[in-house]
Amino acid sequence: MSLSYSCSTNSKIRLLALLFFSIASHAPGALAVPDTIDIKIGQTSYRVELARTSAQRRQGLMHRERLARNGGMLLVYPRSGDHRIWMKNMRIPLRVLWIDEHFKVLQIQRLVPCQVSPCPVFSTPLPARYILELSDDEHDVKPGDEVQGLNAL
């Protein structure tokens, strides 16, 4: 005995698309299109991409050719700790800020693309919850400044 039912082509396509996107969005390590958030440090506003998953954090800004002056990426970790980054496969230099769980800037470093193997790893001696990667422009930011807009995460 066989069971069959009638279904239009459009219905089949919609069903397959729904199934595909449902599976893709729940796949371990799936690289979804990053969300963005508006943050403010001092008098300067930034629109940054959010990297919340380990896959998104691992990818970071690799292979990017440019970054808007007030753009960047915020690496969001589930808890504070010794979070490290490197500049492997980077094409542009960055200003990198380590930020604690109270939204205070702990440290700022200017990092350039890696030219040696193995690539050096960078961190801060204090536990950080976030790493903010910005363009390699002068930013009016210093350790101790508060990053506004992170409390919504």
# chains A, B, ... in the order shown; residues from 1 in each chain; ligands from 1
$ residues_around --residues "His63 in chain A" --least-positions-apart "4" --cutoff "10 Å" --atoms "only C-alpha atoms" --output "list in words"
Gln59, Lys88, Asn89, Met90, Arg91 and Ile92 of chain A
$ residues_around --residues "Lys142 in chain A" --least-positions-apart "3" --cutoff "9 Å" --atoms "only C-alpha atoms" --output "list in words"
Val105, Leu106, Gln107, Ile108, His139 and Asp145 of chain A
$ write_last_selection --atoms "C-alpha atoms" --output "compact mmCIF listing (two decimals), in the first residue's frame"
# COMPACT_ATOMS: atom_id res chain seq x y z
CA VAL A 105 37.25 49.60 28.15
CA LEU A 106 40.12 47.61 29.67
CA GLN A 107 42.77 47.93 26.97
CA ILE A 108 43.26 49.19 23.42
CA HIS A 139 39.25 56.96 17.93
CA ASP A 145 35.66 54.71 29.06
$ atom_distance --atom1 "CA of Leu74 in chain A" --atom2 "CA of Val48 in chain A"
6.3 Å
$ closest_residue --among "A:Leu153, A:Leu94, A:Arg57, A:Ile99" --to "Glu138 in chain A" --atoms "only C-alpha atoms"
A:Leu94
$ closest_residue --among "A:Asp140, A:Gln148, A:Gly71, A:Asp82" --to "Phe122 in chain A" --atoms "only C-alpha atoms"
A:Asp82
$ select_by_dssp --residues "range 6-153 of chain A" --states "strand (DSSP E or B)" --output "PDB file with C-alpha atoms, in the first residue's frame"
ATOM      1  CA  THR A  36      24.235  44.768  14.098  1.00  0.00           C
ATOM      2  CA  ILE A  37      24.008  47.010  17.114  1.00  0.00           C
ATOM      3  CA  ASP A  38      24.511  50.723  17.658  1.00  0.00           C
ATOM      4  CA  ILE A  39      26.910  51.584  20.462  1.00  0.00           C
ATOM      5  CA  LYS A  40      28.432  54.796  21.724  1.00  0.00           C
ATOM      6  CA  ILE A  41      31.792  55.528  23.311  1.00  0.00           C
ATOM      7  CA  THR A  44      31.157  58.835  18.987  1.00  0.00           C
ATOM      8  CA  SER A  45      28.533  56.397  17.704  1.00  0.00           C
ATOM      9  CA  TYR A  46      29.398  53.124  16.004  1.00  0.00           C
ATOM     10  CA  ARG A  47      27.350  50.547  14.110  1.00  0.00           C
ATOM     11  CA  VAL A  48      28.987  47.170  14.671  1.00  0.00           C
ATOM     12  CA  GLU A  49      28.283  43.613  13.625  1.00  0.00           C
ATOM     13  CA  LEU A  50      27.706  41.117  16.423  1.00  0.00           C
ATOM     14  CA  ALA A  51      29.691  37.896  16.536  1.00  0.00           C
ATOM     15  CA  GLY A  71      31.924  50.383  11.816  1.00  0.00           C
ATOM     16  CA  GLY A  72      33.384  47.257  13.294  1.00  0.00           C
ATOM     17  CA  MET A  73      32.644  43.955  14.933  1.00  0.00           C
ATOM     18  CA  LEU A  74      31.819  43.153  18.541  1.00  0.00           C
ATOM     19  CA  LEU A  75      32.870  39.684  19.664  1.00  0.00           C
ATOM     20  CA  VAL A  76      30.427  38.688  22.410  1.00  0.00           C
ATOM     21  CA  TYR A  77      31.482  35.921  24.807  1.00  0.00           C
ATOM     22  CA  PRO A  78      29.106  34.058  27.145  1.00  0.00           C
ATOM     23  CA  ARG A  79      31.225  34.996  30.182  1.00  0.00           C
ATOM     24  CA  SER A  80      34.275  37.046  31.108  1.00  0.00           C
ATOM     25  CA  GLY A  81      37.662  35.452  30.683  1.00  0.00           C
ATOM     26  CA  ILE A  85      42.496  37.089  19.073  1.00  0.00           C
ATOM     27  CA  TRP A  86      44.966  36.948  16.238  1.00  0.00           C
ATOM     28  CA  LEU A  94      42.488  47.289  13.436  1.00  0.00           C
ATOM     29  CA  ARG A  95      42.069  49.151  16.717  1.00  0.00           C
ATOM     30  CA  VAL A  96      41.010  46.459  19.173  1.00  0.00           C
ATOM     31  CA  LEU A  97      39.317  47.176  22.503  1.00  0.00           C
ATOM     32  CA  TRP A  98      38.879  44.637  25.291  1.00  0.00           C
ATOM     33  CA  ILE A  99      35.770  45.458  27.342  1.00  0.00           C
ATOM     34  CA  LYS A 104      34.357  49.532  30.616  1.00  0.00           C
ATOM     35  CA  VAL A 105      37.249  49.599  28.148  1.00  0.00           C
ATOM     36  CA  LEU A 106      40.124  47.614  29.666  1.00  0.00           C
ATOM     37  CA  GLN A 107      42.765  47.927  26.968  1.00  0.00           C
ATOM     38  CA  ILE A 108      43.256  49.192  23.424  1.00  0.00           C
ATOM     39  CA  GLN A 109      45.755  47.778  20.943  1.00  0.00           C
ATOM     40  CA  ARG A 110      46.576  48.609  17.351  1.00  0.00           C
ATOM     41  CA  LEU A 111      46.976  45.314  15.496  1.00  0.00           C
ATOM     42  CA  VAL A 121      47.991  35.965  19.758  1.00  0.00           C
ATOM     43  CA  PHE A 122      46.803  39.072  21.613  1.00  0.00           C
ATOM     44  CA  ALA A 128      37.135  40.634  29.287  1.00  0.00           C
ATOM     45  CA  ARG A 129      33.587  39.868  28.167  1.00  0.00           C
ATOM     46  CA  TYR A 130      33.709  41.628  24.793  1.00  0.00           C
ATOM     47  CA  ILE A 131      36.286  42.428  22.129  1.00  0.00           C
ATOM     48  CA  LEU A 132      35.508  45.366  19.855  1.00  0.00           C
ATOM     49  CA  GLU A 133      37.325  45.515  16.514  1.00  0.00           C
ATOM     50  CA  LEU A 134      37.295  48.968  14.909  1.00  0.00           C
ATOM     51  CA  SER A 135      38.924  50.565  11.884  1.00  0.00           C
ATOM     52  CA  GLU A 146      32.172  53.231  29.140  1.00  0.00           C
ATOM     53  CA  VAL A 147      30.654  51.597  26.074  1.00  0.00           C
ATOM     54  CA  GLN A 148      26.960  52.476  25.910  1.00  0.00           C
TER      55      GLN A 148
END
$ closest_residue --among "A:Thr124, A:Gln43, A:Ser117, A:Asn151" --to "Phe103 in chain A" --atoms "only C-alpha atoms"
A:Asn151
$ atom_distance --atom1 "CA of His83 in chain A" --atom2 "CA of Pro120 in chain A"
13.8 Å
$ closest_residue --among "A:Gly144, A:Pro113, A:Gly149, A:Leu126" --to "Arg64 in chain A" --atoms "only C-alpha atoms"
A:Pro113
$ atom_distance --atom1 "CA of Val112 in chain A" --atom2 "CA of Asp136 in chain A"
9.0 Å
$ decode --residues "range 42-110 of chain A" --atoms "C-alpha atoms" --output "PDB file, in the first residue's frame"
ATOM      1  CA  GLY A  42      32.111  59.099  24.541  1.00  0.00           C
ATOM      2  CA  GLN A  43      30.586  61.291  21.835  1.00  0.00           C
ATOM      3  CA  THR A  44      31.157  58.835  18.987  1.00  0.00           C
ATOM      4  CA  SER A  45      28.533  56.397  17.704  1.00  0.00           C
ATOM      5  CA  TYR A  46      29.398  53.124  16.004  1.00  0.00           C
ATOM      6  CA  ARG A  47      27.350  50.547  14.110  1.00  0.00           C
ATOM      7  CA  VAL A  48      28.987  47.170  14.671  1.00  0.00           C
ATOM      8  CA  GLU A  49      28.283  43.613  13.625  1.00  0.00           C
ATOM      9  CA  LEU A  50      27.706  41.117  16.423  1.00  0.00           C
ATOM     10  CA  ALA A  51      29.691  37.896  16.536  1.00  0.00           C
ATOM     11  CA  ARG A  52      27.888  35.803  19.157  1.00  0.00           C
ATOM     12  CA  THR A  53      28.651  32.233  18.120  1.00  0.00           C
ATOM     13  CA  SER A  54      32.065  30.611  18.248  1.00  0.00           C
ATOM     14  CA  ALA A  55      31.950  30.243  14.436  1.00  0.00           C
ATOM     15  CA  GLN A  56      31.199  33.955  13.996  1.00  0.00           C
ATOM     16  CA  ARG A  57      33.948  34.921  16.462  1.00  0.00           C
ATOM     17  CA  ARG A  58      36.411  32.601  14.696  1.00  0.00           C
ATOM     18  CA  GLN A  59      35.597  34.183  11.313  1.00  0.00           C
ATOM     19  CA  GLY A  60      35.690  37.729  12.702  1.00  0.00           C
ATOM     20  CA  LEU A  61      36.735  40.276  10.105  1.00  0.00           C
ATOM     21  CA  MET A  62      38.988  37.919   8.146  1.00  0.00           C
ATOM     22  CA  HIS A  63      39.381  38.669   4.433  1.00  0.00           C
ATOM     23  CA  ARG A  64      37.683  42.084   4.667  1.00  0.00           C
ATOM     24  CA  GLU A  65      39.170  44.672   2.326  1.00  0.00           C
ATOM     25  CA  ARG A  66      37.957  47.702   4.287  1.00  0.00           C
ATOM     26  CA  LEU A  67      35.977  48.757   7.309  1.00  0.00           C
ATOM     27  CA  ALA A  68      33.889  51.906   7.730  1.00  0.00           C
ATOM     28  CA  ARG A  69      35.382  54.457  10.132  1.00  0.00           C
ATOM     29  CA  ASN A  70      32.480  54.053  12.549  1.00  0.00           C
ATOM     30  CA  GLY A  71      31.924  50.383  11.816  1.00  0.00           C
ATOM     31  CA  GLY A  72      33.384  47.257  13.294  1.00  0.00           C
ATOM     32  CA  MET A  73      32.644  43.955  14.933  1.00  0.00           C
ATOM     33  CA  LEU A  74      31.819  43.153  18.541  1.00  0.00           C
ATOM     34  CA  LEU A  75      32.870  39.684  19.664  1.00  0.00           C
ATOM     35  CA  VAL A  76      30.427  38.688  22.410  1.00  0.00           C
ATOM     36  CA  TYR A  77      31.482  35.921  24.807  1.00  0.00           C
ATOM     37  CA  PRO A  78      29.106  34.058  27.145  1.00  0.00           C
ATOM     38  CA  ARG A  79      31.225  34.996  30.182  1.00  0.00           C
ATOM     39  CA  SER A  80      34.275  37.046  31.108  1.00  0.00           C
ATOM     40  CA  GLY A  81      37.662  35.452  30.683  1.00  0.00           C
ATOM     41  CA  ASP A  82      41.004  35.441  28.912  1.00  0.00           C
ATOM     42  CA  HIS A  83      39.680  35.943  25.383  1.00  0.00           C
ATOM     43  CA  ARG A  84      42.369  36.130  22.720  1.00  0.00           C
ATOM     44  CA  ILE A  85      42.496  37.089  19.073  1.00  0.00           C
ATOM     45  CA  TRP A  86      44.966  36.948  16.238  1.00  0.00           C
ATOM     46  CA  MET A  87      45.272  38.671  12.899  1.00  0.00           C
ATOM     47  CA  LYS A  88      45.453  35.587  10.669  1.00  0.00           C
ATOM     48  CA  ASN A  89      43.947  36.150   7.209  1.00  0.00           C
ATOM     49  CA  MET A  90      43.397  39.833   7.984  1.00  0.00           C
ATOM     50  CA  ARG A  91      43.903  42.364   5.228  1.00  0.00           C
ATOM     51  CA  ILE A  92      43.432  45.550   7.233  1.00  0.00           C
ATOM     52  CA  PRO A  93      44.886  46.837  10.503  1.00  0.00           C
ATOM     53  CA  LEU A  94      42.488  47.289  13.436  1.00  0.00           C
ATOM     54  CA  ARG A  95      42.069  49.151  16.717  1.00  0.00           C
ATOM     55  CA  VAL A  96      41.010  46.459  19.173  1.00  0.00           C
ATOM     56  CA  LEU A  97      39.317  47.176  22.503  1.00  0.00           C
ATOM     57  CA  TRP A  98      38.879  44.637  25.291  1.00  0.00           C
ATOM     58  CA  ILE A  99      35.770  45.458  27.342  1.00  0.00           C
ATOM     59  CA  ASP A 100      34.721  44.041  30.722  1.00  0.00           C
ATOM     60  CA  GLU A 101      31.302  42.829  31.890  1.00  0.00           C
ATOM     61  CA  HIS A 102      30.557  46.332  33.245  1.00  0.00           C
ATOM     62  CA  PHE A 103      31.059  47.795  29.738  1.00  0.00           C
ATOM     63  CA  LYS A 104      34.357  49.532  30.616  1.00  0.00           C
ATOM     64  CA  VAL A 105      37.249  49.599  28.148  1.00  0.00           C
ATOM     65  CA  LEU A 106      40.124  47.614  29.666  1.00  0.00           C
ATOM     66  CA  GLN A 107      42.765  47.927  26.968  1.00  0.00           C
ATOM     67  CA  ILE A 108      43.256  49.192  23.424  1.00  0.00           C
ATOM     68  CA  GLN A 109      45.755  47.778  20.943  1.00  0.00           C
ATOM     69  CA  ARG A 110      46.576  48.609  17.351  1.00  0.00           C
TER      70      ARG A 110
END
